[in-house]
Amino acid sequence: MRLLLVALLAAAAFGQEIVPGQYIVELTGDPAIRHREPGRRRVEIQDQHQALERQLRGRRASVLARMDTVVNAVVVEAADASALAGLAGVRRVEPVRMFRPFLYRALPSHQVDKAWEMIGGSANAGAGIKIGILDTGLDVGHPAFNAPGMKAPEGYPLASSEENRALTSGKVIVARSFDGGTIQDMMGHGTGVAMAAAGVVHTSPRGTLSGVAPAAWLGVYRVADLLGKFYSSTVLSALDWAAKDGMDVLNFSFGSVGAFGASNDSIFQDGVKRLVDSGVIVVNAAGNTPGAMTVDDTASAEQVIAVGANAQAQTTVAVVPSVGPSMAAAASSNVVTLEPVSGPMVDAAAMGNPLGCSPFPPESLRGRIPLIQRGTCNFSVKLANASIGGAAAAVVYNEAAPFKGGPEDLVTMLVDEDPSIPGLFVGYTNGTKLKDLIATVEDFQVQLRFPMGGGKPTQLAWFSSEGPSVELAIKPDLVATGMSFYTAALRNTSSTICIVCDASGYSTTQGTSFSSPVVAGAAALLRAARPGLTQGEYRSLLINSAMPLIFPDGGVSPVQWAGAGILNVNAALKSTVAAAPVSVSFGAGGGTVDLTREIKLKNLGREAATWALSISSTSAARPALSAESVAVEPGAEAAVRLSLASGGLEAGEYEGFVIVKDDSAGIESRIPYWYGVGSTEPSSIVVIEEPDKPRAGFSYNVYVRIHDKAGLALAEPQPTVTPVSGGGAVVSVRSAFRDYPNSYLLRLQMGSRAGANVFRVEAGSAQLTYTLITEN
């Protein structure tokens, strides 16, 4: 009994927000999904739940929800966990915790259009497959889900109430909510996510728009409450129903920063594992916390597909000065394709308006391109004010210490709510170079090169969470487009909790929330086109057929940033190679290593194949393969050993890819591998938890974690924090290992006036400039 209580106390101290007075109580005995006769087992579980309820009445506790399929559990409202832990038949108790949505023209970038051609058109993409969207609900009447030609399969639609049944259709075949309301979306997040996965082909204000699998059915599970909050108990109930409802693919675009990993002893994690074991493909957004070891705990599970975000393909986006090299840039969200804009450049600071937050005098910018600094006002205001001055386009450059990300990050300026002129965004260094050129070069000119369509993504989204996972696995598994993401939005702009809404019904947004359903849609397309494979085989086809994410300088993205690479749906359709595991982590250790791992390669084709094997890596130490090629009969497997043996390795990451070349299919499969050599020297500081809407004059908790060059968490040294500007102060700095392993809790006092509170966080040679923007 004491051990259980200790575990409960540790869970209650968990860094993610806990819901007071609510607990998930797991009972002894397997759930129905693990039983030979699920129907009979559900009856037995029902009796077990009723017996527990009788015990709870005497303890002033009540049952809020019941689950019998992926877990044998109930959600209980009680004064404290100690009233539950000792009850007969109880296996374990966990507090309910909160998740957050992972907010922040994808089809050609992932060769979805070519995949459609292979399967006979978009009308077949995902046909017969059911995608479960666990999110904020759906704007059911949106044109993205208007599919009069679709018909629900036999036994459907299914709904949790008659009100929800009225919202089903031939497209939306399951509608469940868990708080007495309907599935109607009040935040817009679920609507945008569902559109990305399975929205139908239709016309939007920017032209034809479609999800990856427009022919797939949708199961809508509103797991956010009417205040937009996600609770683990509600999500667990939705998982239970999704299993009963026969969903083939599930998408999670919510979660929390990686803390204890996927292998921690958790009722929720066990439920997800059982669902995956039953054959359901689960796709999970990696998260929007940049930095090492930040991938969501559920996404870190071995059989869950964790999806990071790449930036949109922009082949020619740059500021090209008349003197010096071109400068990489990101286009504002109101640009789809646009011919270059050229003209003399003027420094907005020289006009007394450096931030562009006041209107420029009429005609003052006619025929000229202003250079404006980021900060104070939003991008829509800056571009609108430049337009008032007569500018046809503008350039905005980053701050030296931006609120989010680094000074050289390229940010997509979201201006859809008030679009005016187009703009390009450049990093801080290039911005200061442009200022110098304006001041020193006579008749200084620039050409702004906007997206012209086509091409492959060459950048990782600045917010995309990175590996390794807490268990030192390679995560995310792959990436898909998650920046400048144009998708369906809630049309009800009067909603006070809306985060993706626009009167037009469409909005440009960003986040791994939207890269994840792109992969979920691809999973549905693949499952429909290639029926009869296992969950693990579909997973490998999606991950290991990815194309490399190659940066503009020619380097390949590290595997702990982008996994196997960028989703390539066309290659997944063609590939005949299924790998197990889909990636190989040698873990972490010292500079001397001698480790061997086995990879099984299965031939999913109809003919015998001989595959060439090789290693692609720029690291100083490379593993050896046990064979240069393997011959595999249809349906058979070949085992290959991957051995890493080296000495004298310096601290850092040693990584690359096992390349499996299938000449008959014209496809290369890429299996990433990784080994980390740790050190005691800090290399980076990662913010893993921070307040949402801080107010001036109040104190707040900020959690940080220190990492070495290999991305491994360090317990020492304790960081120091110094206020820089804004009137803030440091209340305390202490270890918070029980909240997040190897983390530190910074208690920061905000200044008395609204605005930016800037702090410098240091640990050894690692330094982080951290900013909190307060309101009154």
# chains A, B, ... in the order shown; residues from 1 in each chain; ligands from 1

call {"tool": "residues_around", "arguments": {"residues": "segment 436-439 of chain A", "least_positions_apart": "4", "cutoff": "10 Å", "atoms": "only C-alpha atoms", "output": "PDB file with N, CA and C atoms, in the first residue's frame"}}
result
ATOM      1  N   PRO A 321      20.244  41.434 -52.670  1.00  0.00           N
ATOM      2  CA  PRO A 321      20.729  42.819 -52.713  1.00  0.00           C
ATOM      3  C   PRO A 321      21.566  43.080 -53.961  1.00  0.00           C
ATOM      4  N   SER A 322      21.669  44.331 -54.352  1.00  0.00           N
ATOM      5  CA  SER A 322      22.482  44.679 -55.521  1.00  0.00           C
ATOM      6  C   SER A 322      23.961  44.525 -55.231  1.00  0.00           C
ATOM      7  N   VAL A 323      24.322  44.416 -53.943  1.00  0.00           N
ATOM      8  CA  VAL A 323      25.711  44.185 -53.534  1.00  0.00           C
ATOM      9  C   VAL A 323      25.712  43.019 -52.548  1.00  0.00           C
ATOM     10  N   GLY A 324      26.529  41.988 -52.811  1.00  0.00           N
ATOM     11  CA  GLY A 324      26.635  40.878 -51.878  1.00  0.00           C
ATOM     12  C   GLY A 324      25.712  39.719 -52.209  1.00  0.00           C
ATOM     13  N   PRO A 344      14.534  50.315 -54.919  1.00  0.00           N
ATOM     14  CA  PRO A 344      15.477  50.801 -53.910  1.00  0.00           C
ATOM     15  C   PRO A 344      14.944  50.504 -52.506  1.00  0.00           C
ATOM     16  N   MET A 345      15.869  50.210 -51.583  1.00  0.00           N
ATOM     17  CA  MET A 345      15.474  49.902 -50.208  1.00  0.00           C
ATOM     18  C   MET A 345      15.741  51.096 -49.311  1.00  0.00           C
ATOM     19  N   VAL A 346      14.806  51.351 -48.381  1.00  0.00           N
ATOM     20  CA  VAL A 346      14.943  52.442 -47.432  1.00  0.00           C
ATOM     21  C   VAL A 346      14.812  51.878 -46.017  1.00  0.00           C
ATOM     22  N   ASP A 347      15.635  52.414 -45.099  1.00  0.00           N
ATOM     23  CA  ASP A 347      15.594  51.987 -43.703  1.00  0.00           C
ATOM     24  C   ASP A 347      14.467  52.745 -42.993  1.00  0.00           C
ATOM     25  N   ALA A 350      15.436  55.377 -40.496  1.00  0.00           N
ATOM     26  CA  ALA A 350      15.824  56.692 -40.996  1.00  0.00           C
ATOM     27  C   ALA A 350      14.607  57.588 -41.217  1.00  0.00           C
ATOM     28  N   LEU A 371      12.681  48.613 -44.995  1.00  0.00           N
ATOM     29  CA  LEU A 371      13.253  47.607 -44.099  1.00  0.00           C
ATOM     30  C   LEU A 371      12.782  47.948 -42.693  1.00  0.00           C
ATOM     31  N   ASN A 430      21.190  39.300 -41.184  1.00  0.00           N
ATOM     32  CA  ASN A 430      20.964  39.828 -42.534  1.00  0.00           C
ATOM     33  C   ASN A 430      20.240  41.163 -42.487  1.00  0.00           C
ATOM     34  N   GLY A 431      19.384  41.355 -41.488  1.00  0.00           N
ATOM     35  CA  GLY A 431      18.721  42.650 -41.349  1.00  0.00           C
ATOM     36  C   GLY A 431      19.710  43.769 -41.079  1.00  0.00           C
ATOM     37  N   THR A 432      20.670  43.507 -40.184  1.00  0.00           N
ATOM     38  CA  THR A 432      21.676  44.537 -39.893  1.00  0.00           C
ATOM     39  C   THR A 432      22.602  44.758 -41.088  1.00  0.00           C
ATOM     40  N   ASP A 443      22.398  54.365 -54.113  1.00  0.00           N
ATOM     41  CA  ASP A 443      21.309  53.779 -54.895  1.00  0.00           C
ATOM     42  C   ASP A 443      21.218  52.268 -54.668  1.00  0.00           C
ATOM     43  N   PHE A 444      21.198  51.893 -53.382  1.00  0.00           N
ATOM     44  CA  PHE A 444      21.134  50.475 -53.034  1.00  0.00           C
ATOM     45  C   PHE A 444      19.766  49.894 -53.412  1.00  0.00           C
ATOM     46  N   GLN A 445      19.785  48.763 -54.153  1.00  0.00           N
ATOM     47  CA  GLN A 445      18.569  48.127 -54.646  1.00  0.00           C
ATOM     48  C   GLN A 445      18.460  46.698 -54.104  1.00  0.00           C
TER      49      GLN A 445
END

call {"tool": "select_by_dssp", "arguments": {"residues": "segment 134-364 of chain A", "states": "strand (DSSP E or B)", "output": "PyMOL selection string"}}
result
chain A and resi 134-135+138+158-159+172-177+184+202-204+207-209+217-222+224+230-231+249-252+254-255+281-285+305-310+318-321+327-328+330-331+341-347

call {"tool": "atom_distance", "arguments": {"atom1": "atom CA of Cys377 of chain A", "atom2": "atom CA of Ser699 of chain A"}}
result
24.9 Å

call {"tool": "closest_residue", "arguments": {"among": "A:Ala123, A:Ala299, A:Leu714, A:Val687", "to": "Lys404 of chain A", "atoms": "only C-alpha atoms"}}
result
A:Val687

call {"tool": "residues_around", "arguments": {"residues": "segment 275-283 of chain A", "least_positions_apart": "2", "cutoff": "6 Å", "atoms": "only C-alpha atoms", "output": "PyMOL selection string"}}
result
chain A and resi 248-251+272-273+304-305+520+535

call {"tool": "residues_around", "arguments": {"residues": "Pro340 of chain A", "least_positions_apart": "3", "cutoff": "7 Å", "atoms": "only C-alpha atoms", "output": "tab-separated table (two decimals) with N, CA and C atoms, in the first residue's frame"}}
result
chain	number	residue	atom	x	y	z
A	447	GLN	N	16.00	42.90	-54.74
A	447	GLN	CA	14.92	42.16	-55.40
A	447	GLN	C	14.36	41.17	-54.39
A	448	LEU	N	13.04	41.22	-54.22
A	448	LEU	CA	12.38	40.28	-53.31
A	448	LEU	C	11.84	39.13	-54.13
A	449	ARG	N	12.36	37.94	-53.86
A	449	ARG	CA	11.94	36.75	-54.59
A	449	ARG	C	10.97	35.94	-53.72
A	450	PHE	N	9.76	35.83	-54.20
A	450	PHE	CA	8.68	35.14	-53.49
A	450	PHE	C	8.55	33.71	-53.99

call {"tool": "residues_around", "arguments": {"residues": "Asn398 of chain A", "least_positions_apart": "4", "cutoff": "9 Å", "atoms": "only C-alpha atoms", "output": "MDAnalysis selection string"}}
result
chainID A and resid 373:375 402 406:411 425:431

call {"tool": "select_by_dssp", "arguments": {"residues": "segment 132-193 of chain A", "states": "alpha helix (DSSP H)", "output": "VMD selection string"}}
result
chain A and resid 162 to 165 189 to 193

call {"tool": "residues_around", "arguments": {"residues": "Leu772 of chain A", "least_positions_apart": "5", "cutoff": "7 Å", "atoms": "only C-alpha atoms", "output": "ChimeraX atom specification"}}
result
/A:403,756-758

call {"tool": "write_last_selection", "arguments": {"atoms": "C-alpha atoms", "output": "compact mmCIF listing (two decimals), in the first residue's frame"}}
result
# COMPACT_ATOMS: atom_id res chain seq x y z
CA PHE A 403 10.31 36.43 -27.63
CA ALA A 756 8.75 42.43 -22.41
CA ASN A 757 10.53 40.99 -19.36
CA VAL A 758 13.93 39.75 -20.49

call {"tool": "residues_around", "arguments": {"residues": "Phe485 of chain A", "least_positions_apart": "3", "cutoff": "6 Å", "atoms": "only C-alpha atoms", "output": "PyMOL selection string"}}
result
chain A and resi 482+508-510

call {"tool": "write_last_selection", "arguments": {"atoms": "C-alpha atoms", "output": "PDB file, in the first residue's frame"}}
result
ATOM      1  CA  GLY A 482       3.551  22.440 -40.453  1.00  0.00           C
ATOM      2  CA  THR A 508      -3.024  30.127 -42.323  1.00  0.00           C
ATOM      3  CA  THR A 509      -1.600  28.636 -39.152  1.00  0.00           C
ATOM      4  CA  GLN A 510       1.347  26.569 -37.968  1.00  0.00           C
TER       5      GLN A 510
END

call {"tool": "closest_residue", "arguments": {"among": "A:Tyr703, A:Tyr231, A:Phe737, A:Tyr221", "to": "Asn164 of chain A", "atoms": "only C-alpha atoms"}}
result
A:Tyr221

call {"tool": "closest_residue", "arguments": {"among": "A:Ala763, A:Ile18, A:Ile183, A:Leu613", "to": "Ile685 of chain A", "atoms": "only C-alpha atoms"}}
result
A:Ala763

call {"tool": "closest_atom_pairs", "arguments": {"of": "segment 530-631 of chain A", "to": "segment 640-657 of chain A", "cutoff": "8 Å", "atoms": "only C-alpha atoms", "output": "tab-separated table"}}
result
residue	atom	partner	partner_atom	distance
A:Pro558	CA	A:Glu655	CA	7.5
A:Val559	CA	A:Glu655	CA	7.0
A:Ala564	CA	A:Phe657	CA	8.0
A:Gly590	CA	A:Leu649	CA	7.7
A:Gly591	CA	A:Leu649	CA	4.2
A:Thr592	CA	A:Gly647	CA	4.0
A:Val593	CA	A:Ala645	CA	5.3
A:Asp594	CA	A:Ala645	CA	4.1
A:Leu595	CA	A:Leu644	CA	5.3
A:Thr596	CA	A:Ser643	CA	4.2
A:Arg597	CA	A:Leu642	CA	5.2
A:Glu598	CA	A:Arg641	CA	4.5
A:Ile599	CA	A:Val640	CA	5.2
A:Lys600	CA	A:Val640	CA	6.3
A:Leu601	CA	A:Val640	CA	7.7
A:Ile615	CA	A:Phe657	CA	5.8
A:Ser616	CA	A:Phe657	CA	5.2
A:Ser617	CA	A:Gly656	CA	4.4
A:Thr618	CA	A:Gly656	CA	7.3
A:Ser619	CA	A:Tyr654	CA	5.5
A:Ala620	CA	A:Tyr654	CA	7.4
A:Ala621	CA	A:Tyr654	CA	6.6
A:Arg622	CA	A:Leu644	CA	6.7
A:Pro623	CA	A:Leu644	CA	4.2
A:Ala624	CA	A:Ser643	CA	5.2
A:Leu625	CA	A:Leu642	CA	4.9
A:Ser626	CA	A:Arg641	CA	5.2
A:Ala627	CA	A:Val640	CA	6.9

call {"tool": "atom_distance", "arguments": {"atom1": "atom CA of Ala285 of chain A", "atom2": "atom CA of Thr512 of chain A"}}
result
5.2 Å
